[in-house]
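Source file: query_31.cif (mmCIF, C-alpha atoms)
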data_data
#
loop_
_atom_site.label_atom_id
_atom_site.label_comp_id
_atom_site.auth_asym_id
_atom_site.auth_seq_id
_atom_site.Cartn_x
_atom_site.Cartn_y
_atom_site.Cartn_z
CA MET A 21 4.55 8.92 12.38
CA GLU A 22 7.80 10.78 12.14
CA GLU A 23 8.61 10.52 15.86
CA CYS A 24 8.72 6.70 15.62
CA ASN A 25 11.83 7.01 13.45
CA ASN A 26 13.73 9.24 15.88
CA HIS A 27 14.36 7.98 19.43
CA LYS A 28 15.17 11.44 20.84
CA LYS A 29 11.97 12.91 19.43
CA LEU A 30 10.00 9.89 20.64
CA ALA A 31 11.37 10.39 24.18
CA ARG A 32 10.66 14.13 24.03
CA VAL A 33 7.03 13.58 23.00
CA HIS A 34 6.21 10.53 25.15
CA GLY A 35 8.83 10.46 27.92
CA ASP A 36 11.70 7.98 28.33
CA THR A 37 9.71 5.07 29.78
CA ARG A 38 6.94 5.10 27.20
CA ALA A 39 9.46 5.74 24.40
CA LYS A 40 11.29 2.53 25.38
CA ARG A 41 8.03 0.57 25.30
CA ILE A 42 7.14 2.06 21.93
CA ARG A 43 10.59 1.14 20.56
CA ARG A 44 10.11 -2.42 21.87
CA ARG A 45 6.74 -2.65 20.10
CA LEU A 46 8.25 -1.27 16.90
CA ASP A 47 11.00 -3.90 17.07
CA GLN A 48 8.33 -6.58 17.51
CA LEU A 49 6.43 -5.21 14.52
CA ARG A 50 9.57 -5.36 12.39
CA ALA A 51 10.18 -8.96 13.48
CA ALA A 52 6.64 -10.07 12.58
CA SER A 53 6.48 -11.78 9.20
CA VAL A 54 2.71 -11.24 8.79
CA PHE A 55 0.09 -9.10 10.50
CA GLN A 56 -1.45 -12.13 12.20
CA ASP A 57 1.77 -12.48 14.27
CA LEU A 58 0.78 -9.29 16.15
CA PHE A 59 -2.00 -11.17 17.89
CA THR A 60 0.58 -13.33 19.72
CA LEU A 61 2.74 -10.49 21.10
CA PRO A 62 3.17 -10.65 24.88
CA GLN A 63 0.77 -8.20 26.55
CA GLY A 64 -0.03 -6.80 23.09
CA ARG A 65 -3.77 -7.41 23.07
CA CYS A 66 -3.93 -6.58 19.38
CA HIS A 67 -7.53 -6.22 18.27
CA PRO A 68 -9.59 -4.70 15.47
CA LEU A 69 -11.46 -1.47 16.09
CA LEU A 70 -15.07 -0.78 15.20
CA GLY A 71 -17.24 2.15 14.16
CA ASN A 72 -15.44 5.12 12.64
CA ARG A 73 -12.14 3.30 13.18
CA ALA A 74 -13.13 0.11 11.35
CA GLY A 75 -10.21 -1.29 9.36
CA THR A 76 -7.69 -0.20 11.99
CA PHE A 77 -6.19 -2.09 14.91
CA SER A 78 -5.04 -1.24 18.41
CA LEU A 79 -1.95 -2.63 20.14
CA ASP A 80 -1.38 -2.01 23.87
CA LEU A 81 1.67 -0.02 24.98
CA ASP A 82 1.46 0.94 28.66
CA GLY A 83 -1.38 1.98 30.89
CA PRO A 84 -4.14 3.31 28.69
CA TYR A 85 -1.82 4.15 25.75
CA ARG A 86 -2.28 2.34 22.46
CA LEU A 87 -0.45 2.11 19.15
CA TYR A 88 -2.92 2.41 16.28
CA LEU A 89 -2.13 0.82 12.94
CA ARG A 90 -3.70 -0.47 9.77
CA PRO A 91 -2.81 -3.07 7.15
CA CYS A 92 -1.69 -1.33 3.96
CA ASN A 93 -0.87 -4.00 1.38
CA GLU A 94 -2.05 -2.95 -2.08
CA PRO A 95 -4.39 -4.59 -2.71
CA LEU A 96 -5.44 -5.87 0.71
CA PRO A 97 -5.61 -9.66 0.71
CA GLU A 98 -9.15 -10.84 1.36
CA LYS A 99 -10.79 -14.02 2.53
CA GLU A 100 -13.79 -15.47 0.70
CA ASP A 101 -16.14 -13.67 3.12
CA GLY A 102 -14.60 -10.29 2.20
CA SER A 103 -12.70 -9.78 5.45
CA ILE A 104 -8.97 -9.00 5.47
CA ASP A 105 -6.75 -12.10 5.41
CA LEU A 106 -4.33 -11.10 8.19
CA SER A 107 -2.15 -14.13 7.50
CA LYS A 108 -1.18 -12.52 4.17
CA VAL A 109 -0.75 -8.88 5.24
CA THR A 110 2.93 -7.94 5.20
CA HIS A 111 2.79 -4.12 5.35
CA ILE A 112 1.31 -1.84 7.99
CA GLU A 113 1.02 1.88 8.59
CA ILE A 114 1.35 3.34 12.08
CA LEU A 115 -1.46 5.85 12.52
CA GLY A 116 -0.82 7.17 15.99
CA ILE A 117 -0.12 6.73 19.68
CA GLU A 118 -2.74 7.91 22.14
CA ASP A 119 -4.78 7.36 25.25
CA PRO A 120 -8.22 6.47 23.86
CA HIS A 121 -9.88 7.59 27.09
CA ASP A 122 -8.40 11.10 27.09
CA LYS A 123 -11.15 13.31 25.65
CA LYS A 124 -8.91 16.44 25.68
CA ARG A 125 -6.08 14.92 23.66
CA PRO A 126 -6.47 15.53 19.91
CA LYS A 127 -6.88 12.28 18.02
CA SER A 128 -3.91 11.43 15.81
CA ILE A 129 -6.00 9.17 13.58
#

I need this file expressed as structure tokens, please.
Amino acid sequence: MEECNNHKKLARVHGDTRAKRIRRRLDQLRAASVFQDLFTLPQGRCHPLLGNRAGTFSLDLDGPYRLYLRPCNEPLPEKEDGSIDLSKVTHIEILGIEDPHDKKRPKSI
């Protein structure tokens, strides 16, 4: 997401308060050495999504807003059972920022 690389654009799209929270989350993502670290972020509530969003993860921002991301190592490290080994994922892609409950808002992912 282009806006994540430009603080002014991030603030214009999401407002100053949410932009600061997003920047804080992005800093935490940069500091994480592996994907599994995201599950320990304060108030992050990182969790895998199901259904048509299987393979992606949600990370809380503020209120109902979430940061959506996916592991993108090539190839994805797998466990013996075929699931993704999150302790070996070192690259992610940010897919979008949205309120999952807002039916009017176009989905960014």

(request) Quick one: pull the distance between atom CA of A:Leu30 and atom CA of A:Gly64, Å, one decimal. (result)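 We find that atom CA of A:Leu30 and atom CA of A:Gly64 lie 19.6 Å from each other.
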
(request) With a distance cut-off of 9 Å and all atoms listed in the file, select the neighbouring residues of stretch 46-48 of chain A, excluding the residue or stretch itself and same-chain residues fewer than 4 positions from it, and output the selection as an MDAnalysis selection string. (result) chainID A and resid 24 41:42 52 58 61

Just-selected residues, C-alpha atoms written as a PDB file, in the frame of the given file:
ATOM      1  CA  CYS A  24       8.720   6.700  15.620  1.00  0.00           C
ATOM      2  CA  ARG A  41       8.030   0.570  25.300  1.00  0.00           C
ATOM      3  CA  ILE A  42       7.140   2.060  21.930  1.00  0.00           C
ATOM      4  CA  ALA A  52       6.640 -10.070  12.580  1.00  0.00           C
ATOM      5  CA  LEU A  58       0.780  -9.290  16.150  1.00  0.00           C
ATOM      6  CA  LEU A  61       2.740 -10.490  21.100  1.00  0.00           C
TER       7      LEU A  61
END

(message) Could you check the closest approach to A:Phe55 for each of A:Asp101, A:Lys40, A:Asp82, A:Pro68 and tell me which residue wins, using all atoms listed in the file?
(response)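 Between A:Asp101, A:Lys40, A:Asp82, A:Pro68, the residue approaching A:Phe55 most closely is A:Pro68.
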
Let me know the centre plus edge lengths, in Å and rounded to one decimal, of a box with edges along x, y and z that contains all listed atoms of stretch 79-88 of chain A and is padded by 5 Å on every side, as lines of an AutoDock Vina configuration file.
center_x = -1.2
center_y = 0.8
center_z = 23.6
size_x = 15.8
size_y = 16.8
size_z = 24.6

(message) Counting only C-alpha atoms, which residue out of A:Val33, A:Val54, A:Leu79, A:Thr60 sits closest to A:His111?
(response)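 Counting only C-alpha atoms, the residue closest to A:His111 is A:Val54.
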
(request) Enumerate, as number ranges by chain, the protein, DNA and RNA residues whose atoms approach (-2.3, -8.3, 5.8) to within 12 Å, taking into account all atoms listed in the file and the coordinate frame of the file. (result) A: 52-58, 75-77, 89-99, 103-113

(request) Can you work out the spacing between atom CA of A:Glu118 and atom CA of A:Tyr85 in Å, to one decimal? (result)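 Taking atom CA of A:Glu118 and atom CA of A:Tyr85, their separation equals 5.3 Å.
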
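In this structure, atom CA of A:Arg65 sits 6.0 Å away from atom CA of A:Asp80.
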